[in-house]
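Student: Take a look at the following structure, please.
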Number of protein chains: 2
Amino acid sequence: MTMLAHANSGRPEQPAFERRLRDELHRRWPAGADELDALARYALLPPGKLLRPLLALACAEAVGGAPDDVVPAALAVEYLHVATLVHDDIIDADDVRRSRPAVHAAHGVPDAIVAGDHLIFAAFTAIGECRPARAATAAATALAAAGSDLCRGQVLEARLAGNPAAGVEAYLTVAALKTGALFRAACRIGALLGGADAERADRLGEYGELLGIAFQIRDDVLACTLGPEATGKPSTSDLANGRPTLPVLLAFEAADPATRRALAAALARRSAGPGELAEFRAMLVATGGVDRARARATEYGEQALARLDTLEASASRDLLASAAAWATGAGR
Amino acid sequence: MTMLAHANSGRPEQPAFERRLRDELHRRWPAGADELDALARYALLPPGKLLRPLLALACAEAVGGAPDDVVPAALAVEYLHVATLVHDDIIDADDVRRSRPAVHAAHGVPDAIVAGDHLIFAAFTAIGECRPARAATAAATALAAAGSDLCRGQVLEARLAGNPAAGVEAYLTVAALKTGALFRAACRIGALLGGADAERADRLGEYGELLGIAFQIRDDVLACTLGPEATGKPSTSDLANGRPTLPVLLAFEAADPATRRALAAALARRSAGPGELAEFRAMLVATGGVDRARARATEYGEQALARLDTLEASASRDLLASAAAWATGAGR
């Protein structure tokens, strides 16, 4: 029985923060704007779970800051996140996102490239609204570093495609870069603009990175077990991209030679009919790959939770703790 | 005889600034780095004319600042410029840039998308090194606004493709967004970090925008008159993209109905053999489109020059003046 098994594993919610973020997104990206802003609006609205900006606001409040002052920076994190989704969907030829056509599928690749760029610039415009200037500069630098880490993770992930023997370490490096980095930045930015000293901001940044890795594992497990109605993406997306996710890598480690060959062939094929997908998923379950991936998510979630130990009790601390519990509760 | 006809129309040079920028580019983007940095290095080195970062350093010095302190921000402007070249070359399917394969031609579209994103993030990382924080925040905000303007210009330009009747006003709007905005930002950023007050920074920003428009017209004129060895791009690039450049728009305005039909057909074809290109260029010259475009560049250059009137005499002021003269000397 793990520490987190006792915790609430429902999706972390903070209705006041969410409402504030949604209202602000609608206010800043109104209908009827020019074509470029309309492309950004299509990508941003309706919003997803807003998990990253919620973390930024919660971290600001958890260190004694005023969440309202941090809203522009929280939105900046969401803009950057959505920008990378828009560009990644082009790269991965994923035509469906959040149960709708991806930006490039709806508007073409050229406009999708430009829309992603615009969202990156909008992120730095928004973060520049925050004060004091010293904290805003530190926050912008943290966001820029996370952005480059995301790019680094994208390049590295592409090099692993099709290789079920890539190894767990390589996966974790990609997860830290592609997901952990922006979760880390969200938490550090919230803490810095909330008035935290460097040590406290760093500790919340570590919480964010560990949470992000747990969250990425959770996402990869759900992609192996749920249908498209739950994930908003085609069930075949990871397989079509030959992506060796953690369940695949752990299944491969544990598998007999015949199953290894079958896993490698499935990844190499870069396409999957419904029967092939079901067979592939069954191998991930039968080898224990899915269960062992879940256990890894729990480990990361517990490590994240431990980083909250110096925070005083508050509703925002509870939100951060419930996020750690949620990220580890994949499919249970 | 215009004011600028007396001025030196050779390329503006400041060997000490150029050496400093080149050395710093090589220092920051060494060979043997990881794959992502290697992609950025491919895009950045060997560098182009470095006109935008030179303007930033010259503006910093012209207002009494220390150019050395502004080098990271000057590089940031170059990173953003190169990022947009990388992404625009994907969008325009331009496979040659600076007489070499464009990033996407050498490394594929996915890596080129990511390399461009990384360069944008690197720009904000670099500008965050500058101090004081208040000026750095203002500079980052100016850079982000310019980035979004570039995106807006890209979208608008795409809508004009193939239309020789798009009109001069639409062209000038695109030129202000796609080229003027980043020249403006380069000059404002240099001035702000050089210690200028808001009024002086704005005036140098106006200089930059006017210079950028003159420079864009110059570029479009050269693309109509020179070969690929001079421009580093195939001579057919504008025509293959159906781009109604200023010489085309002015030629169309002045042309008889038969020539108008021929111009429209050439833009609509989206491809050109050597004979068709020569015929197209001959129409631009015969209708006076090229000469009238040159005259427009001179007007913008003179307006830019007038914005320098409150600067004290200095080598950097001379550099800014010679840039205005250079931008207007297309092909003469």
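Labels for the structure tokens follow display order: chains A, B, ..., residues from 1 in each chain, ligands from 1.
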Compute the chain A side of the contact with chain B at 9 Å, counting only C-alpha atoms, and hand it back as JSON, numbers by chain.

Tutor: {"A": [34, 35, 36, 37, 84, 87, 88, 90, 91, 92, 109, 110, 111, 113, 114, 115, 116, 117, 118, 119, 120, 121, 122, 123, 124, 125, 126, 127, 128, 129, 132, 133, 134, 135, 136, 137, 138, 140, 141, 142, 143, 144, 145, 146, 147, 148, 149, 150, 151, 152, 154, 155, 156]}

Student: Please provide as a list in words all residues within 7 Å of range 101-103 of chain B, with the sequence filter that same-chain residues fewer than 6 positions apart are discarded (counting only C-alpha atoms).

Tutor: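 The residues that qualify are Ala43, Val86, Asp89, Asp95 and Ala112 of chain B.
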
Student: Could you save those same residues with C-alpha atoms as an mmCIF file, in the first residue's frame?

Tutor:
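Output below, filename again.cif:
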data_model
loop_
_atom_site.group_PDB
_atom_site.id
_atom_site.type_symbol
_atom_site.label_atom_id
_atom_site.label_comp_id
_atom_site.auth_asym_id
_atom_site.auth_seq_id
_atom_site.Cartn_x
_atom_site.Cartn_y
_atom_site.Cartn_z
ATOM 1 C CA ALA B 43 20.668 27.725 -39.387
ATOM 2 C CA VAL B 86 13.579 28.566 -41.127
ATOM 3 C CA ASP B 89 11.225 28.401 -45.954
ATOM 4 C CA ASP B 95 14.758 24.767 -50.504
ATOM 5 C CA ALA B 112 13.180 22.380 -39.069
#

Student: Could you pull out the helix (DSSP H, G or I) residues of range 207-287 of chain B, going by DSSP on the backbone, and write them as an MDAnalysis selection string?

Tutor: chainID B and resid 207:225 228:231 237:240 246:254 257:269 274:286

Student: List the neighbours of range 266-278 of chain A out to 8 Å using only C-alpha atoms; skip same-chain residues closer than 2 positions along the sequence, and give me the result as a list in words.

Tutor: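 Once the nearby chain positions are removed, what remains is Gly162, Asn163, Pro164, Thr236, Leu239, Ala240, Asn241, Gly242, Arg243, Pro244, Ala262, Leu263, Ala264, Phe280, Arg281 and Ala282 of chain A.
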
Student: Need to verify the contact set: His26 in chain A, 10 Å, only C-alpha atoms, exclusion of same-chain residues closer than 4 positions in sequence. Can you return it as a list in words?

Tutor: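 Here the answer would be Leu21, Arg22, Pro30, Ala31, Arg41, Leu44, Leu45, Pro46 and Pro47 of chain A.
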